[in-house]
$ cat coords.cif   # mmCIF, C-alpha atoms
data_target
loop_
_atom_site.label_atom_id
_atom_site.label_comp_id
_atom_site.auth_asym_id
_atom_site.auth_seq_id
_atom_site.Cartn_x
_atom_site.Cartn_y
_atom_site.Cartn_z
CA MET A 1 -1.13 23.41 8.94
CA SER A 2 -4.74 22.52 9.63
CA THR A 3 -6.49 19.20 9.97
CA THR A 4 -10.00 17.96 10.55
CA PRO A 5 -9.54 14.72 12.51
CA ILE A 6 -11.91 11.89 11.85
CA SER A 7 -13.48 9.87 14.63
CA ARG A 8 -11.23 7.05 15.83
CA LYS A 9 -14.32 4.84 16.09
CA ARG A 10 -14.59 5.03 12.32
CA MET A 11 -10.98 4.03 11.66
CA THR A 12 -10.66 0.70 9.90
CA ARG A 13 -8.48 -2.18 10.99
CA ARG A 14 -6.31 -1.41 7.97
CA SER A 15 -5.78 2.17 9.15
CA VAL A 16 -4.77 1.07 12.65
CA LEU A 17 -2.18 -1.22 11.11
CA GLY A 18 -1.16 1.63 8.87
CA ALA A 19 -0.04 3.55 11.93
CA ALA A 20 2.51 0.84 12.56
CA LEU A 21 3.63 0.97 8.95
CA ALA A 22 3.95 4.72 8.83
CA THR A 23 6.14 4.87 11.91
CA GLY A 24 8.30 1.94 10.87
CA ALA A 25 6.74 0.05 13.79
CA ALA A 26 8.99 2.02 16.12
CA LEU A 27 6.53 1.61 19.00
CA PRO A 28 3.99 -1.10 19.81
CA LEU A 29 0.39 -0.25 19.04
CA ALA A 30 -1.79 0.85 21.93
CA ALA A 31 -4.06 -1.88 23.22
CA ALA A 32 -6.98 0.53 23.20
CA THR A 33 -6.97 0.84 19.42
CA ALA A 34 -5.10 -2.17 18.03
CA PRO A 35 -6.33 -5.69 17.38
CA ALA A 36 -5.16 -8.14 20.01
CA TRP A 37 -2.80 -9.92 17.62
CA ALA A 38 -0.91 -6.65 16.96
CA THR A 39 -0.09 -5.94 20.61
CA THR A 40 1.88 -9.03 21.45
CA ALA A 41 5.34 -7.87 20.42
CA PRO A 42 8.02 -8.53 23.05
CA ALA A 43 8.86 -5.50 25.14
CA ASN A 44 12.46 -5.64 23.95
CA ALA A 45 11.62 -6.03 20.26
CA PRO A 46 14.02 -3.85 18.26
CA ALA A 47 12.81 -0.87 16.30
CA PRO A 48 13.46 -1.48 12.60
CA ALA A 49 15.17 0.74 10.10
CA ARG A 50 13.01 2.73 7.74
CA LEU A 51 10.55 0.49 5.94
CA THR A 52 11.30 -0.14 2.28
CA LEU A 53 9.38 -0.78 -0.91
CA PRO A 54 10.59 -3.22 -3.58
CA GLU A 55 12.36 -1.60 -6.49
CA PRO A 56 10.47 -1.64 -9.81
CA THR A 57 11.62 -4.18 -12.38
CA GLY A 58 11.44 -2.05 -15.54
CA PRO A 59 14.40 -0.79 -17.54
CA HIS A 60 13.88 2.87 -16.72
CA PRO A 61 14.50 4.98 -13.59
CA VAL A 62 11.36 6.62 -12.25
CA GLY A 63 10.68 10.32 -11.83
CA THR A 64 7.84 12.01 -10.01
CA ALA A 65 6.27 15.44 -9.57
CA THR A 66 3.25 16.77 -7.69
CA LEU A 67 0.47 18.90 -9.15
CA HIS A 68 -1.89 21.25 -7.29
CA LEU A 69 -5.16 21.22 -9.23
CA VAL A 70 -8.52 22.97 -9.00
CA ASP A 71 -11.56 21.82 -10.95
CA ARG A 72 -13.48 25.05 -11.49
CA SER A 73 -16.43 23.21 -12.98
CA ARG A 74 -17.28 21.73 -9.54
CA PRO A 75 -18.17 24.12 -6.69
CA ASP A 76 -17.13 22.86 -3.25
CA ALA A 77 -20.09 23.27 -0.88
CA ILE A 78 -18.08 21.93 2.06
CA ALA A 79 -15.38 24.61 1.70
CA GLY A 80 -17.96 27.34 1.13
CA PRO A 81 -18.95 29.92 -1.50
CA GLY A 82 -16.29 30.73 -4.07
CA HIS A 83 -14.41 27.46 -3.55
CA PHE A 84 -14.05 24.64 -6.05
CA ARG A 85 -12.92 21.02 -5.99
CA GLU A 86 -9.24 21.13 -4.96
CA LEU A 87 -6.98 18.14 -5.54
CA MET A 88 -3.40 17.05 -5.19
CA ALA A 89 -2.07 14.73 -7.87
CA THR A 90 1.28 13.07 -8.56
CA VAL A 91 2.79 12.22 -11.92
CA TRP A 92 5.07 9.17 -12.18
CA TYR A 93 7.07 8.65 -15.37
CA PRO A 94 10.23 7.09 -16.86
CA ALA A 95 13.13 9.39 -16.10
CA ARG A 96 16.70 10.14 -17.16
CA ASP A 97 19.61 11.40 -15.06
CA ALA A 98 17.50 10.39 -12.07
CA GLY A 99 20.31 9.70 -9.61
CA ARG A 100 20.89 13.40 -8.99
CA TYR A 101 17.38 13.88 -7.60
CA PRO A 102 16.02 12.95 -4.13
CA ARG A 103 13.71 10.00 -3.58
CA ALA A 104 10.09 10.96 -3.05
CA PRO A 105 8.39 9.94 0.22
CA TRP A 106 5.64 7.35 0.22
CA MET A 107 3.37 9.85 1.95
CA PRO A 108 3.91 13.59 2.60
CA ALA A 109 5.16 14.24 6.13
CA GLY A 110 2.23 16.45 7.10
CA ALA A 111 -0.32 13.93 5.82
CA LEU A 112 1.47 11.09 7.59
CA GLN A 113 1.51 13.08 10.84
CA ALA A 114 -2.23 13.69 10.55
CA PHE A 115 -2.78 10.01 9.90
CA LEU A 116 -0.86 9.07 13.05
CA THR A 117 -2.81 11.63 15.05
CA ASP A 118 -6.09 10.13 13.89
CA VAL A 119 -5.10 6.66 15.06
CA GLY A 120 -3.87 7.83 18.45
CA PHE A 121 -0.16 8.58 18.02
CA PRO A 122 0.09 12.39 17.78
CA ASP A 123 3.59 12.60 19.28
CA LEU A 124 5.43 10.19 16.98
CA VAL A 125 7.80 11.59 14.37
CA PRO A 126 6.70 10.39 10.93
CA VAL A 127 9.24 8.12 9.23
CA GLY A 128 7.61 6.53 6.20
CA PRO A 129 9.25 4.54 3.42
CA LEU A 130 10.84 6.16 0.41
CA THR A 131 9.76 5.38 -3.13
CA ALA A 132 11.76 4.71 -6.26
CA GLY A 133 10.51 8.01 -7.69
CA ARG A 134 13.08 10.78 -8.04
CA THR A 135 11.46 14.15 -7.43
CA GLY A 136 11.78 16.46 -10.41
CA ALA A 137 13.94 14.20 -12.59
CA PRO A 138 13.71 14.91 -16.35
CA VAL A 139 11.32 12.83 -18.42
CA LEU A 140 12.71 10.08 -20.64
CA ARG A 141 11.12 9.68 -24.07
CA THR A 142 12.45 6.79 -26.12
CA GLY A 143 12.58 7.51 -29.84
CA GLY A 144 10.52 10.66 -29.33
CA ARG A 145 7.38 8.65 -28.65
CA ARG A 146 4.80 9.97 -26.24
CA LEU A 147 4.03 8.05 -23.06
CA PRO A 148 0.85 6.02 -22.58
CA VAL A 149 -1.06 7.22 -19.54
CA VAL A 150 -2.78 5.50 -16.60
CA VAL A 151 -4.80 7.36 -13.94
CA PHE A 152 -5.20 5.84 -10.47
CA ALA A 153 -7.95 6.13 -7.82
CA HIS A 154 -7.25 5.07 -4.21
CA GLY A 155 -9.71 3.47 -1.81
CA ALA A 156 -11.85 4.95 0.96
CA HIS A 157 -10.11 6.78 3.84
CA SER A 158 -6.72 6.21 2.23
CA HIS A 159 -4.01 8.14 0.37
CA GLN A 160 -2.75 8.31 -3.17
CA GLY A 161 0.51 6.50 -2.40
CA ASP A 162 -0.95 3.27 -1.05
CA HIS A 163 -0.32 1.44 -4.35
CA THR A 164 3.12 2.83 -5.07
CA VAL A 165 4.58 -0.61 -5.84
CA MET A 166 2.19 -0.94 -8.77
CA VAL A 167 2.42 2.68 -9.88
CA GLN A 168 6.20 2.90 -9.97
CA GLU A 169 6.35 -0.48 -11.73
CA LEU A 170 4.26 0.90 -14.59
CA ALA A 171 6.38 4.04 -14.74
CA SER A 172 9.59 2.00 -14.91
CA HIS A 173 8.17 0.30 -18.02
CA GLY A 174 7.46 3.56 -19.82
CA TYR A 175 4.05 4.69 -18.59
CA ALA A 176 3.05 8.04 -17.17
CA VAL A 177 0.83 7.34 -14.16
CA LEU A 178 -1.21 10.06 -12.48
CA THR A 179 -2.46 9.40 -8.97
CA VAL A 180 -4.95 11.71 -7.25
CA ALA A 181 -5.85 12.38 -3.62
CA HIS A 182 -9.65 12.39 -3.55
CA GLN A 183 -10.52 15.40 -1.41
CA TYR A 184 -12.47 14.65 1.81
CA ASP A 185 -11.59 10.96 1.64
CA SER A 186 -7.80 11.08 1.67
CA TYR A 187 -4.78 12.12 3.69
CA THR A 188 -2.91 14.71 1.69
CA GLU A 189 -0.92 17.92 2.03
CA PHE A 190 -1.25 21.10 -0.02
CA PRO A 191 1.66 23.35 -1.02
CA ASP A 192 0.68 26.04 1.50
CA GLY A 193 0.92 23.56 4.41
CA ARG A 194 -2.76 22.71 4.77
CA VAL A 195 -3.39 19.06 5.52
CA ALA A 196 -6.61 17.34 4.48
CA VAL A 197 -7.93 14.16 6.06
CA PRO A 198 -10.98 11.94 5.48
CA LEU A 199 -14.17 13.72 6.47
CA PHE A 200 -17.11 11.65 7.66
CA ASN A 201 -19.85 13.98 6.50
CA PRO A 202 -22.79 12.64 4.48
CA GLN A 203 -22.70 15.85 2.43
CA ALA A 204 -19.07 15.40 1.45
CA PRO A 205 -18.52 14.41 -2.20
CA THR A 206 -16.95 11.00 -1.58
CA LEU A 207 -19.11 8.60 -3.58
CA PRO A 208 -17.58 6.48 -6.35
CA ALA A 209 -19.18 8.91 -8.80
CA ASP A 210 -17.24 11.77 -7.16
CA PHE A 211 -14.00 9.80 -7.45
CA ALA A 212 -14.89 9.12 -11.10
CA ALA A 213 -15.37 12.86 -11.70
CA ASP A 214 -11.88 13.40 -10.26
CA LEU A 215 -10.47 10.87 -12.73
CA ARG A 216 -12.21 12.56 -15.63
CA PHE A 217 -10.82 15.93 -14.52
CA LEU A 218 -7.41 14.30 -14.35
CA LEU A 219 -7.86 13.32 -18.00
CA ASP A 220 -8.50 16.99 -18.78
CA CYS A 221 -5.18 17.77 -17.11
CA VAL A 222 -3.50 15.03 -19.16
CA GLU A 223 -4.74 16.75 -22.29
CA GLN A 224 -3.38 20.08 -21.06
CA LEU A 225 0.03 18.55 -20.35
CA ALA A 226 0.00 16.86 -23.74
CA ALA A 227 -0.70 20.20 -25.39
CA GLY A 228 2.21 21.83 -23.55
CA HIS A 229 0.17 23.63 -20.87
CA ASN A 230 0.80 23.45 -17.14
CA PRO A 231 -2.39 22.67 -15.16
CA ASP A 232 -0.79 23.39 -11.76
CA VAL A 233 -2.73 26.32 -10.27
CA ASP A 234 0.40 27.72 -8.61
CA GLY A 235 2.37 27.68 -11.84
CA LYS A 236 4.89 25.26 -10.35
CA GLN A 237 7.86 24.49 -12.58
CA LEU A 238 7.48 20.98 -13.96
CA PRO A 239 10.23 18.48 -14.70
CA ALA A 240 12.06 18.97 -17.98
CA GLY A 241 10.30 17.18 -20.80
CA LEU A 242 6.98 16.60 -19.06
CA LEU A 243 5.05 19.12 -21.14
CA GLY A 244 4.15 17.52 -24.44
CA SER A 245 5.26 14.03 -23.36
CA LEU A 246 1.90 12.37 -22.61
CA ASP A 247 -0.29 10.57 -25.14
CA PRO A 248 -3.97 11.20 -24.33
CA ARG A 249 -5.00 8.76 -27.09
CA ARG A 250 -3.60 5.86 -25.04
CA THR A 251 -5.16 6.30 -21.62
CA GLY A 252 -6.16 3.69 -19.06
CA ALA A 253 -7.46 3.78 -15.49
CA LEU A 254 -7.15 1.61 -12.42
CA GLY A 255 -8.27 1.82 -8.84
CA TRP A 256 -8.43 -0.13 -5.61
CA SER A 257 -11.63 -0.81 -3.62
CA LYS A 258 -13.88 2.24 -4.01
CA GLY A 259 -11.36 3.46 -6.55
CA GLY A 260 -12.00 0.28 -8.56
CA THR A 261 -15.70 1.05 -8.61
CA ALA A 262 -14.87 4.63 -9.61
CA THR A 263 -12.75 3.33 -12.47
CA ALA A 264 -15.78 1.54 -13.89
CA CYS A 265 -17.96 4.63 -13.38
CA ALA A 266 -15.41 6.84 -15.14
CA MET A 267 -15.11 4.45 -18.08
CA LEU A 268 -18.86 4.33 -18.53
CA ALA A 269 -18.98 8.12 -18.63
CA ASP A 270 -15.81 8.88 -20.59
CA GLU A 271 -14.64 7.16 -23.76
CA ARG A 272 -11.16 8.63 -23.39
CA ILE A 273 -10.40 5.74 -21.02
CA ARG A 274 -9.45 2.89 -23.35
CA ALA A 275 -8.96 0.20 -20.67
CA GLY A 276 -9.84 -0.14 -16.98
CA LEU A 277 -8.61 -2.32 -14.12
CA SER A 278 -10.38 -2.78 -10.79
CA LEU A 279 -8.41 -4.03 -7.77
CA ASP A 280 -11.10 -5.74 -5.68
CA GLY A 281 -13.69 -3.05 -6.30
CA PRO A 282 -17.06 -3.72 -4.61
CA MET A 283 -18.93 -2.28 -7.63
CA GLN A 284 -21.63 -0.80 -5.43
CA MET A 285 -22.65 2.09 -7.67
CA ASN A 286 -24.79 5.06 -6.76
CA PRO A 287 -26.68 5.82 -8.95
CA PRO A 288 -27.07 2.21 -10.13
CA LEU A 289 -25.36 1.06 -13.28
CA THR A 290 -27.52 1.48 -16.37
CA GLY A 291 -25.20 1.07 -19.38
CA ASP A 292 -22.79 -1.46 -20.83
CA LEU A 293 -19.04 -1.14 -21.29
CA ASP A 294 -17.55 -2.21 -24.61
CA ARG A 295 -13.88 -1.49 -23.85
CA PRO A 296 -11.40 -3.83 -22.10
CA PHE A 297 -11.95 -4.24 -18.38
CA MET A 298 -10.11 -6.46 -15.91
CA MET A 299 -10.92 -7.36 -12.32
CA MET A 300 -8.40 -8.58 -9.74
CA SER A 301 -10.71 -10.01 -7.10
CA ALA A 302 -10.35 -10.98 -3.45
CA GLN A 303 -12.94 -10.07 -0.78
CA PHE A 304 -15.33 -8.73 -3.43
CA ALA A 305 -15.16 -11.70 -5.79
CA ARG A 306 -18.31 -12.22 -7.81
CA ALA A 307 -19.16 -15.46 -6.01
CA ALA A 308 -19.44 -13.60 -2.71
CA ASN A 309 -20.48 -10.11 -3.82
CA PRO A 310 -23.81 -9.62 -5.63
CA ALA A 311 -22.84 -6.13 -6.86
CA ALA A 312 -19.71 -7.42 -8.60
CA ALA A 313 -21.71 -10.34 -10.03
CA ALA A 314 -24.31 -7.91 -11.39
CA PHE A 315 -21.60 -5.73 -12.92
CA TRP A 316 -19.94 -8.56 -14.86
CA PRO A 317 -22.66 -8.99 -17.57
CA HIS A 318 -22.37 -5.28 -18.39
CA LEU A 319 -18.85 -5.91 -19.71
CA ARG A 320 -19.50 -6.43 -23.42
CA GLY A 321 -15.91 -6.12 -24.64
CA TRP A 322 -12.70 -7.90 -23.64
CA ARG A 323 -12.99 -8.88 -20.00
CA LEU A 324 -11.03 -10.87 -17.44
CA ASP A 325 -11.50 -11.69 -13.77
CA ILE A 326 -8.64 -13.24 -11.80
CA GLN A 327 -8.31 -14.07 -8.13
CA ALA A 328 -5.14 -14.82 -6.19
CA GLN A 329 -5.87 -17.64 -3.78
CA GLY A 330 -5.33 -16.50 -0.19
CA ALA A 331 -5.62 -12.81 -1.07
CA VAL A 332 -7.65 -10.45 1.11
CA HIS A 333 -8.92 -6.97 0.31
CA ILE A 334 -5.60 -5.24 1.02
CA SER A 335 -3.48 -7.81 -0.81
CA TYR A 336 -3.24 -5.93 -4.10
CA GLY A 337 -1.24 -3.04 -2.68
CA ASP A 338 1.81 -1.90 -0.74
CA ASN A 339 0.73 -3.69 2.43
CA GLU A 340 2.10 -6.95 1.03
CA ALA A 341 5.56 -5.39 0.92
CA LEU A 342 5.36 -3.44 4.18
CA PHE A 343 3.53 -5.70 6.62
CA PRO A 344 6.13 -8.51 6.61
CA GLN A 345 8.75 -5.96 7.66
CA VAL A 346 6.53 -4.76 10.50
CA ALA A 347 5.84 -8.36 11.51
CA LYS A 348 9.53 -9.21 11.67
CA ALA A 349 10.38 -6.11 13.67
CA ARG A 350 7.54 -6.55 16.15
CA GLY A 351 7.94 -10.29 16.61
CA TRP A 352 4.57 -11.30 15.16
CA SER A 353 3.98 -14.98 14.54
CA ALA A 354 3.25 -16.29 11.06
CA GLU A 355 -0.42 -16.60 12.02
CA GLN A 356 -0.56 -12.96 13.14
CA LEU A 357 0.87 -11.85 9.80
CA ARG A 358 -1.67 -14.01 7.95
CA GLN A 359 -4.46 -12.31 9.87
CA ALA A 360 -3.21 -8.99 8.51
CA ILE A 361 -2.54 -9.80 4.85
CA GLY A 362 -4.07 -13.22 4.16
CA THR A 363 -2.39 -16.49 3.26
CA LEU A 364 -1.07 -15.42 -0.14
CA ASP A 365 2.74 -15.49 -0.05
CA PRO A 366 3.83 -11.81 0.22
CA ASP A 367 6.63 -12.14 -2.34
CA GLN A 368 4.27 -13.66 -4.86
CA ALA A 369 1.66 -11.00 -4.05
CA VAL A 370 4.17 -8.29 -4.94
CA ARG A 371 5.07 -10.05 -8.19
CA ILE A 372 1.38 -10.38 -9.08
CA GLN A 373 0.69 -6.70 -8.63
CA GLN A 374 3.77 -5.82 -10.65
CA ALA A 375 3.13 -8.26 -13.51
CA PHE A 376 -0.63 -8.39 -14.17
CA PRO A 377 -1.51 -4.67 -14.39
CA LEU A 378 1.53 -4.16 -16.64
CA ALA A 379 0.46 -7.04 -18.89
CA PHE A 380 -3.09 -5.68 -19.07
CA PHE A 381 -2.13 -2.16 -20.06
CA ASP A 382 0.60 -3.39 -22.40
CA GLU A 383 -1.99 -5.45 -24.26
CA HIS A 384 -4.70 -2.82 -24.46
CA LEU A 385 -2.78 0.47 -24.66
CA ARG A 386 0.36 -0.71 -26.50
CA HIS A 387 -1.16 -3.70 -28.34
CA HIS A 388 1.54 -6.05 -27.06
CA ARG A 389 -0.14 -9.41 -26.56
CA SER A 390 0.68 -10.97 -23.22
CA PRO A 391 0.53 -14.74 -22.60
CA LEU A 392 0.11 -13.89 -18.91
CA LEU A 393 -3.51 -12.90 -19.60
CA ALA A 394 -4.31 -16.01 -21.63
CA GLY A 395 -4.58 -18.46 -18.75
CA PRO A 396 -2.90 -19.97 -15.69
CA SER A 397 0.87 -19.61 -15.51
CA PRO A 398 3.39 -21.77 -13.59
CA ALA A 399 5.08 -18.53 -12.56
CA PHE A 400 1.94 -17.49 -10.65
CA PRO A 401 0.40 -20.67 -9.21
CA ALA A 402 -1.90 -18.77 -6.86
CA VAL A 403 -3.68 -16.90 -9.66
CA THR A 404 -6.99 -18.42 -10.73
CA PHE A 405 -8.83 -17.30 -13.88
CA LEU A 406 -12.50 -17.00 -12.98
CA PRO A 407 -15.08 -17.96 -15.62
#
$ encode --input "coords.cif" --output "structure tokens"
Amino acid sequence: MSTTPISRKRMTRRSVLGAALATGAALPLAAATAPAWATTAPANAPAPARLTLPEPTGPHPVGTATLHLVDRSRPDAIAGPGHFRELMATVWYPARDAGRYPRAPWMPAGALQAFLTDVGFPDLVPVGPLTAGRTGAPVLRTGGRRLPVVVFAHGAHSHQGDHTVMVQELASHGYAVLTVAHQYDSYTEFPDGRVAVPLFNPQAPTLPADFAADLRFLLDCVEQLAAGHNPDVDGKQLPAGLLGSLDPRRTGALGWSKGGTATACAMLADERIRAGLSLDGPMQMNPPLTGDLDRPFMMMSAQFARAANPAAAAFWPHLRGWRLDIQAQGAVHISYGDNEALFPQVAKARGWSAEQLRQAIGTLDPDQAVRIQQAFPLAFFDEHLRHHRSPLLAGPSPAFPAVTFLP
């Protein structure tokens, strides 16, 4: 196993908190690296059990499988001559006979260990949450119909599992969701034991446009799977029924933060993406945006709401088709993700006050935040990939009082 640690000075507040999440908050954070509010747990605070994620609400069990991919159209200058863009991806899908298969981890053990090392805890044993995904379970196809597809892009310095609540929710409702670890800006583990971590190198291909190219390559892999071909470069055996089960004619994309910006970039460049959803994407595009987008696009805003972010405000007029911008009152940048499910467990175990928890995840009620991220992306893709109209997208709902529809 090899890693290239990133500088601790460059670690975000979110990543420092992530160390507590990944270890189940088994030890208090070191004062040298943690915010003051995260170091006040009583000395005798109990270590919690393994952190948990909420179960998806859909009618189907969830299966999952990893793919080792190489994009031979993109030479990798960082890795050296003869190397190409190398990616790990995960497929999530509705499954059958799932109970016989093990639950997939939220983050691979080697990647989680590298993450802990980067934030100053190299000696802790990784104990991350488990997902609802059953590794290798057979694919469920209802009535022989192919599965609509959504591809997902994570944020900067993150990992492909950080929105598992949302991803497994879509899968439980009959979607195939492909997440990708964006090389040089992600914690991930390859089948041969190599571990990759974020690389702070100005030459590294980590711009939103690079993420967008990863998404477009993922669409190529979707087409291969749909045609019955295995894109895994190691020839890994795939779950029964996966080949031929995806519908590349019904494909959407979503992403968080930089991944949200990448979603817009990918849609502008690739008409195969029929609908796109940005989770608080800053929309700072390089090169600058030049075209318009005539397909459905939705924004779930927080820190990068248009009123406070000129780049997002400038992006909005380029949406010439169906468009929607919502904002959950009290949400912060990390609110549309797994942190809303995990941080309250850490807070309870470490004895944080309510104010300390609010400093971490905002004032939006965590239970409602989880319901928002389960309900709204599903409603969006149901409407635009399955053509099932959703009243949830038509205006304010008493079920979600925090959600504001922005004009």
$ resolve_selection --input "coords.cif" --expression "the PyMOL selection byres ((chain A and resi 169) around 7)" --output "number ranges by chain"
A: 56-58, 165-168, 170-173, 374
$ residues_around --input "coords.cif" --residues "Ile273 in chain A" --least-positions-apart "3" --cutoff "9 Å" --atoms "only C-alpha atoms" --output "PDB file with C-alpha atoms, keeping the file's coordinate frame"
ATOM      1  CA  VAL A 150      -2.780   5.500 -16.600  1.00  0.00           C
ATOM      2  CA  ARG A 216     -12.210  12.560 -15.630  1.00  0.00           C
ATOM      3  CA  LEU A 219      -7.860  13.320 -18.000  1.00  0.00           C
ATOM      4  CA  ARG A 249      -5.000   8.760 -27.090  1.00  0.00           C
ATOM      5  CA  ARG A 250      -3.600   5.860 -25.040  1.00  0.00           C
ATOM      6  CA  THR A 251      -5.160   6.300 -21.620  1.00  0.00           C
ATOM      7  CA  GLY A 252      -6.160   3.690 -19.060  1.00  0.00           C
ATOM      8  CA  ALA A 253      -7.460   3.780 -15.490  1.00  0.00           C
ATOM      9  CA  ALA A 266     -15.410   6.840 -15.140  1.00  0.00           C
ATOM     10  CA  MET A 267     -15.110   4.450 -18.080  1.00  0.00           C
ATOM     11  CA  LEU A 268     -18.860   4.330 -18.530  1.00  0.00           C
ATOM     12  CA  ASP A 270     -15.810   8.880 -20.590  1.00  0.00           C
ATOM     13  CA  GLY A 276      -9.840  -0.140 -16.980  1.00  0.00           C
ATOM     14  CA  ARG A 295     -13.880  -1.490 -23.850  1.00  0.00           C
TER      15      ARG A 295
END
$ resolve_selection --input "coords.cif" --expression "the PyMOL selection byres ((chain A and resi 281) around 9)" --output "count of residues only"
23
$ residues_near_point --input "coords.cif" --point "(9.1, 1.6, 0.6)" --cutoff "12 Å" --atoms "only C-alpha atoms" --output "count of residues only"
38
$ closest_residue --input "coords.cif" --among "A:Ala156, A:Ala308, A:Ala240, A:Ala349" --to "Thr64 in chain A" --atoms "all atoms listed in the file"
A:Ala240
$ residues_near_point --input "coords.cif" --point "(-7.5, 22.3, 5.4)" --cutoff "12 Å" --atoms "only C-alpha atoms" --output "ChimeraX atom specification"
/A:1-5,78-79,86-87,110-111,114,183-184,186-199
$ atom_distance --input "coords.cif" --atom1 "CA of Phe380 in chain A" --atom2 "CA of Arg323 in chain A"
10.4 Å
$ closest_residue --input "coords.cif" --among "A:Gly120, A:Gly63, A:Pro81, A:Pro75" --to "Ala137 in chain A" --atoms "all atoms listed in the file"
A:Gly63
$ closest_residue --input "coords.cif" --among "A:Ala213, A:Ala95, A:Ala307, A:Val151" --to "Phe381 in chain A" --atoms "all atoms listed in the file"
A:Val151
$ resolve_selection --input "coords.cif" --expression "the PyMOL selection byres ((chain A and resi 202-207) around 7)" --output "short mmCIF file (atom, residue, chain, number, x, y, z; two decimals) with C-alpha atoms, in the frame of the given file"
data_model
loop_
_atom_site.label_atom_id
_atom_site.label_comp_id
_atom_site.auth_asym_id
_atom_site.auth_seq_id
_atom_site.Cartn_x
_atom_site.Cartn_y
_atom_site.Cartn_z
CA ILE A 78 -18.08 21.93 2.06
CA TYR A 184 -12.47 14.65 1.81
CA ASP A 185 -11.59 10.96 1.64
CA PHE A 200 -17.11 11.65 7.66
CA ASN A 201 -19.85 13.98 6.50
CA PRO A 208 -17.58 6.48 -6.35
CA ALA A 209 -19.18 8.91 -8.80
CA ASP A 210 -17.24 11.77 -7.16
CA PHE A 211 -14.00 9.80 -7.45
#
$ atom_distance --input "coords.cif" --atom1 "CA of His333 in chain A" --atom2 "CA of Ser158 in chain A"
13.5 Å
$ decode --input "coords.cif" --residues "range 276-290 of chain A" --atoms "N, CA and C atoms" --output "short mmCIF file (atom, residue, chain, number, x, y, z; two decimals), in the first residue's frame"
data_model
loop_
_atom_site.label_atom_id
_atom_site.label_comp_id
_atom_site.auth_asym_id
_atom_site.auth_seq_id
_atom_site.Cartn_x
_atom_site.Cartn_y
_atom_site.Cartn_z
N GLY A 276 -29.60 17.19 -14.69
CA GLY A 276 -28.48 17.38 -13.76
C GLY A 276 -28.90 18.06 -12.48
N LEU A 277 -28.26 17.68 -11.38
CA LEU A 277 -28.57 18.23 -10.06
C LEU A 277 -27.27 18.62 -9.37
N SER A 278 -27.19 19.87 -8.95
CA SER A 278 -26.02 20.38 -8.23
C SER A 278 -26.36 20.56 -6.76
N LEU A 279 -25.56 19.96 -5.89
CA LEU A 279 -25.71 20.11 -4.44
C LEU A 279 -24.72 21.18 -3.99
N ASP A 280 -25.19 22.41 -3.90
CA ASP A 280 -24.40 23.56 -3.47
C ASP A 280 -23.09 23.69 -4.24
N GLY A 281 -23.18 23.58 -5.54
CA GLY A 281 -22.00 23.78 -6.38
C GLY A 281 -21.65 25.25 -6.50
N PRO A 282 -20.37 25.63 -6.38
CA PRO A 282 -19.99 27.05 -6.49
C PRO A 282 -20.08 27.60 -7.90
N MET A 283 -20.10 26.74 -8.91
CA MET A 283 -20.24 27.12 -10.32
C MET A 283 -19.11 28.03 -10.80
N GLN A 284 -17.95 27.87 -10.21
CA GLN A 284 -16.77 28.61 -10.64
C GLN A 284 -16.08 27.77 -11.71
N MET A 285 -16.31 28.09 -12.97
CA MET A 285 -15.90 27.25 -14.08
C MET A 285 -14.64 27.78 -14.73
N ASN A 286 -13.76 26.86 -15.06
CA ASN A 286 -12.50 27.19 -15.73
C ASN A 286 -12.26 26.13 -16.81
N PRO A 287 -12.40 26.49 -18.10
CA PRO A 287 -12.64 27.83 -18.65
C PRO A 287 -14.05 28.32 -18.34
N PRO A 288 -14.29 29.63 -18.49
CA PRO A 288 -15.60 30.20 -18.18
C PRO A 288 -16.70 29.61 -19.05
N LEU A 289 -17.90 29.63 -18.51
CA LEU A 289 -19.06 29.12 -19.21
C LEU A 289 -19.35 29.97 -20.45
N THR A 290 -19.61 29.30 -21.57
CA THR A 290 -19.89 30.04 -22.80
C THR A 290 -21.24 29.67 -23.42
#
